[in-house]
Amino acid sequence: MDEEYDAIVLGTGLKECIISGLLSVDGLKVLHIDRNNYYGGQSASLNLNQLYERFRPGQQPPPALGPSRDYNVDLVPKFIMANGNMVKILIHTDVTKYLEFKSVDGSYVFNKGRVEKVPATDWEALKSPLMGLFEKRRAAKFFSFCQQYDEKNPQTWRNWDLSRMTMHELYTQFGLDVQTIDFVGHAIALHQNDAYMMQPAMPTVLKIKLYYESMMRYEGLTSPYIYPLYGLGELPQAFARLSAVYGGTYMLAKPDVEVVYDEAGVAVGVTSEGETAKAKFVVGDPTYFREKVRKSSRVVRAMCILSHPIPSTNDSHSVQIILPQKQLNRRHDIYVFCCSYTHNVAPRDKWIAFVSTTVETSDPQSELAPGLQLLGKIDEKFVEVVDVYEPVEDGSRDKAYISKGYDATSHFETEIHDVMDLYRRITGKPLDLDKEDLRKRQESQ
């Protein structure tokens, strides 16, 4: 360990493993350390015995739940947008060769007390029970505009400057009602609150277009999401393999690892078991930098084991349901994530459902009630409240580059923005996903 590196990465959570892989591909000498003896950190997947050890120490799982080894329960479950930046990173780095993905069956929204499929296209809008006849036509025109919008082609703009027009003004142009705006903003554009309404419309239109393009990415998709077989815990290990292929060094089970700073407070390496590794900068999750982060929120998650699909989801084996804040008189949405044996995360005829939200009261568990009520009969339930931390500085001064904690969303869109921002802060350049991917580069060499 007494060596010099370009970068030291602390923690093997998904964000850290992606950064480690990307830096290794860029030619940097990377040392990756974790205090735990397993990969994944907060984004690990647990079998049933490990789940009970974590939440009910000393208890044995009931035999009716099936074999422990058949469970791969994510601590922070996130669906992946099929045409989003996460998939682009997977393809760009050729990490897809280590993984197998399966489509997610359905994307739903809670509206007026009912669970309904999210319409993402003009023709789906015309069939949706979420809207009346005239509203369907208005929504169809709105979706058609978003699908065809191209920021580089003025002919698709309708003389509207979306870099200046607010999203509220664009909605008004199409005459959309409050209920339609609610599910478009939260279940399609995936905004976590309504602040976007008074911001420029272009980012939201591009988010709606991404949802549509993700639906069209692969033949036969019935939602815009995909998910890895055996759970999200496979992703950190896949990026760890990528880093190792490009010379990265991994060390697990280093519980005493600490960041070393020089007299000016700049991170210059790490120490563990009496040895010191030096580096030009240090990257890591908030748990390795307690004095350099602040608590930004709290997230409550219920992990539930079911023996049936979630009612009103067309017997889907995998599904996302978003409960927009306005439907519940809350400040934050509630998210329902469900996966089953078809994604190899549970034994046959078992489903794993998560309900999560950002904590607003002194009774976090009660805040999940609207989501839990949608699940039907629950065999087992585990509840966890987690503090979410974010860095106080951007790392440019002290060379300590820190990721944010994982939010309550059931999709990866917010987290991938943090990964790309972290890469930009470290390297001083944006991550270019349009340049030639690794496989093509290797084939040309």
# chains A, B, ... in the order shown; residues from 1 in each chain; ligands from 1
>>> closest_atom_pairs(of="region 243-343 of chain A", to="region 52-73 of chain A", cutoff="10 Å", atoms="only C-alpha atoms", output="tab-separated table")
residue	atom	partner	partner_atom	distance
A:Met303	CA	A:Val73	CA	8.5
A:Cys304	CA	A:Val73	CA	9.9
A:Ile305	CA	A:Leu65	CA	8.3
A:Leu306	CA	A:Leu65	CA	9.3
A:Ser307	CA	A:Leu65	CA	9.0
A:Cys339	CA	A:Val73	CA	9.5
A:Ser340	CA	A:Tyr71	CA	9.6
A:Tyr341	CA	A:Asp70	CA	8.5
A:His343	CA	A:Asn72	CA	9.5
>>> residues_around(residues="Ser403 (chain A)", least_positions_apart="2", cutoff="9 Å", atoms="only C-alpha atoms", output="list in words")
Lys15, Glu16, Val283, Gly284, Asp285, Pro286, Tyr389, Glu390, Pro391, Tyr401, Gly405, Asp418, Val419 and Leu422 of chain A
>>> residues_around(residues="Tyr108 (chain A)", least_positions_apart="3", cutoff="12 Å", atoms="only C-alpha atoms", output="number ranges by chain")
A: 104-105, 111, 114-120, 128, 130, 183-184, 186-188, 222-225, 310-314, 316, 318-324, 335-338, 374
>>> select_by_dssp(residues="region 304-391 of chain A", states="strand (DSSP E or B)", output="PyMOL selection string")
chain A and resi 304-306+319-323+334-340+351-358+380-391
>>> closest_residue(among="A:Met131, A:Met216, A:Thr204, A:Phe354", to="Leu176 (chain A)", atoms="only C-alpha atoms")
A:Met131
>>> atom_distance(atom1="CA of Ser243 (chain A)", atom2="CA of Gln50 (chain A)")
27.3 Å
>>> select_by_dssp(residues="region 239-427 of chain A", states="alpha helix (DSSP H)", output="PyMOL selection string")
chain A and resi 239-245+325-328+364-367+369-372+413-427
>>> residues_around(residues="region 291-299 of chain A", least_positions_apart="6", cutoff="12 Å", atoms="only C-alpha atoms", output="PyMOL selection string")
chain A and resi 76+259+265+267+284-285+332-335+355-365+367-368+383-395+398-410
>>> closest_residue(among="A:Val270, A:Met198, A:Ile19, A:Leu190", to="Leu162 (chain A)", atoms="only C-alpha atoms")
A:Met198
>>> residues_around(residues="region 23-25 of chain A", least_positions_apart="2", cutoff="6 Å", atoms="only C-alpha atoms", output="list in words")
Ser20, Gly21, Gly27, Leu28, Ser243 and Tyr246 of chain A
>>> write_last_selection(atoms="N, CA, C and O atoms", output="PDB file, in the first residue's frame")
ATOM      1  N   SER A  20     -14.323   5.264 -10.332  1.00  0.00           N
ATOM      2  CA  SER A  20     -13.074   4.503 -10.368  1.00  0.00           C
ATOM      3  C   SER A  20     -12.831   3.912 -11.748  1.00  0.00           C
ATOM      4  O   SER A  20     -11.719   3.981 -12.291  1.00  0.00           O
ATOM      5  N   GLY A  21     -13.891   3.341 -12.338  1.00  0.00           N
ATOM      6  CA  GLY A  21     -13.776   2.767 -13.670  1.00  0.00           C
ATOM      7  C   GLY A  21     -13.443   3.816 -14.718  1.00  0.00           C
ATOM      8  O   GLY A  21     -12.557   3.618 -15.557  1.00  0.00           O
ATOM      9  N   GLY A  27      -6.693   6.436 -17.933  1.00  0.00           N
ATOM     10  CA  GLY A  27      -5.254   6.227 -17.803  1.00  0.00           C
ATOM     11  C   GLY A  27      -4.680   6.568 -16.450  1.00  0.00           C
ATOM     12  O   GLY A  27      -3.452   6.536 -16.263  1.00  0.00           O
ATOM     13  N   LEU A  28      -5.520   6.876 -15.468  1.00  0.00           N
ATOM     14  CA  LEU A  28      -5.017   7.204 -14.132  1.00  0.00           C
ATOM     15  C   LEU A  28      -4.731   5.931 -13.337  1.00  0.00           C
ATOM     16  O   LEU A  28      -5.400   4.907 -13.513  1.00  0.00           O
ATOM     17  N   SER A 243     -12.322  -1.235 -13.823  1.00  0.00           N
ATOM     18  CA  SER A 243     -11.167  -0.545 -13.268  1.00  0.00           C
ATOM     19  C   SER A 243      -9.966  -1.483 -13.177  1.00  0.00           C
ATOM     20  O   SER A 243      -8.834  -1.105 -13.519  1.00  0.00           O
ATOM     21  N   TYR A 246      -8.112  -2.061 -16.348  1.00  0.00           N
ATOM     22  CA  TYR A 246      -7.267  -0.927 -16.733  1.00  0.00           C
ATOM     23  C   TYR A 246      -6.240  -0.580 -15.653  1.00  0.00           C
ATOM     24  O   TYR A 246      -5.734   0.542 -15.598  1.00  0.00           O
TER      25      TYR A 246
END
>>> closest_residue(among="A:Lys97, A:His92, A:Lys280, A:Lys78", to="Val30 (chain A)", atoms="only C-alpha atoms")
A:Lys280
>>> closest_residue(among="A:Arg217, A:Gln173, A:Thr166, A:Leu22", to="Tyr196 (chain A)", atoms="only C-alpha atoms")
A:Thr166
>>> closest_residue(among="A:Pro200, A:Pro129, A:Pro255, A:Gly233", to="Asn36 (chain A)", atoms="only C-alpha atoms")
A:Pro255
>>> closest_residue(among="A:Pro228, A:Ile33, A:Met215, A:Asp161", to="Asn344 (chain A)", atoms="only C-alpha atoms")
A:Pro228
>>> residues_around(residues="Ala125 (chain A)", least_positions_apart="2", cutoff="8 Å", atoms="only C-alpha atoms", output="list in words")
Pro119, Ala120, Thr121, Asp122, Trp123, Lys127, Ser128, Lys136, Arg137, Ala139 and Ala140 of chain A
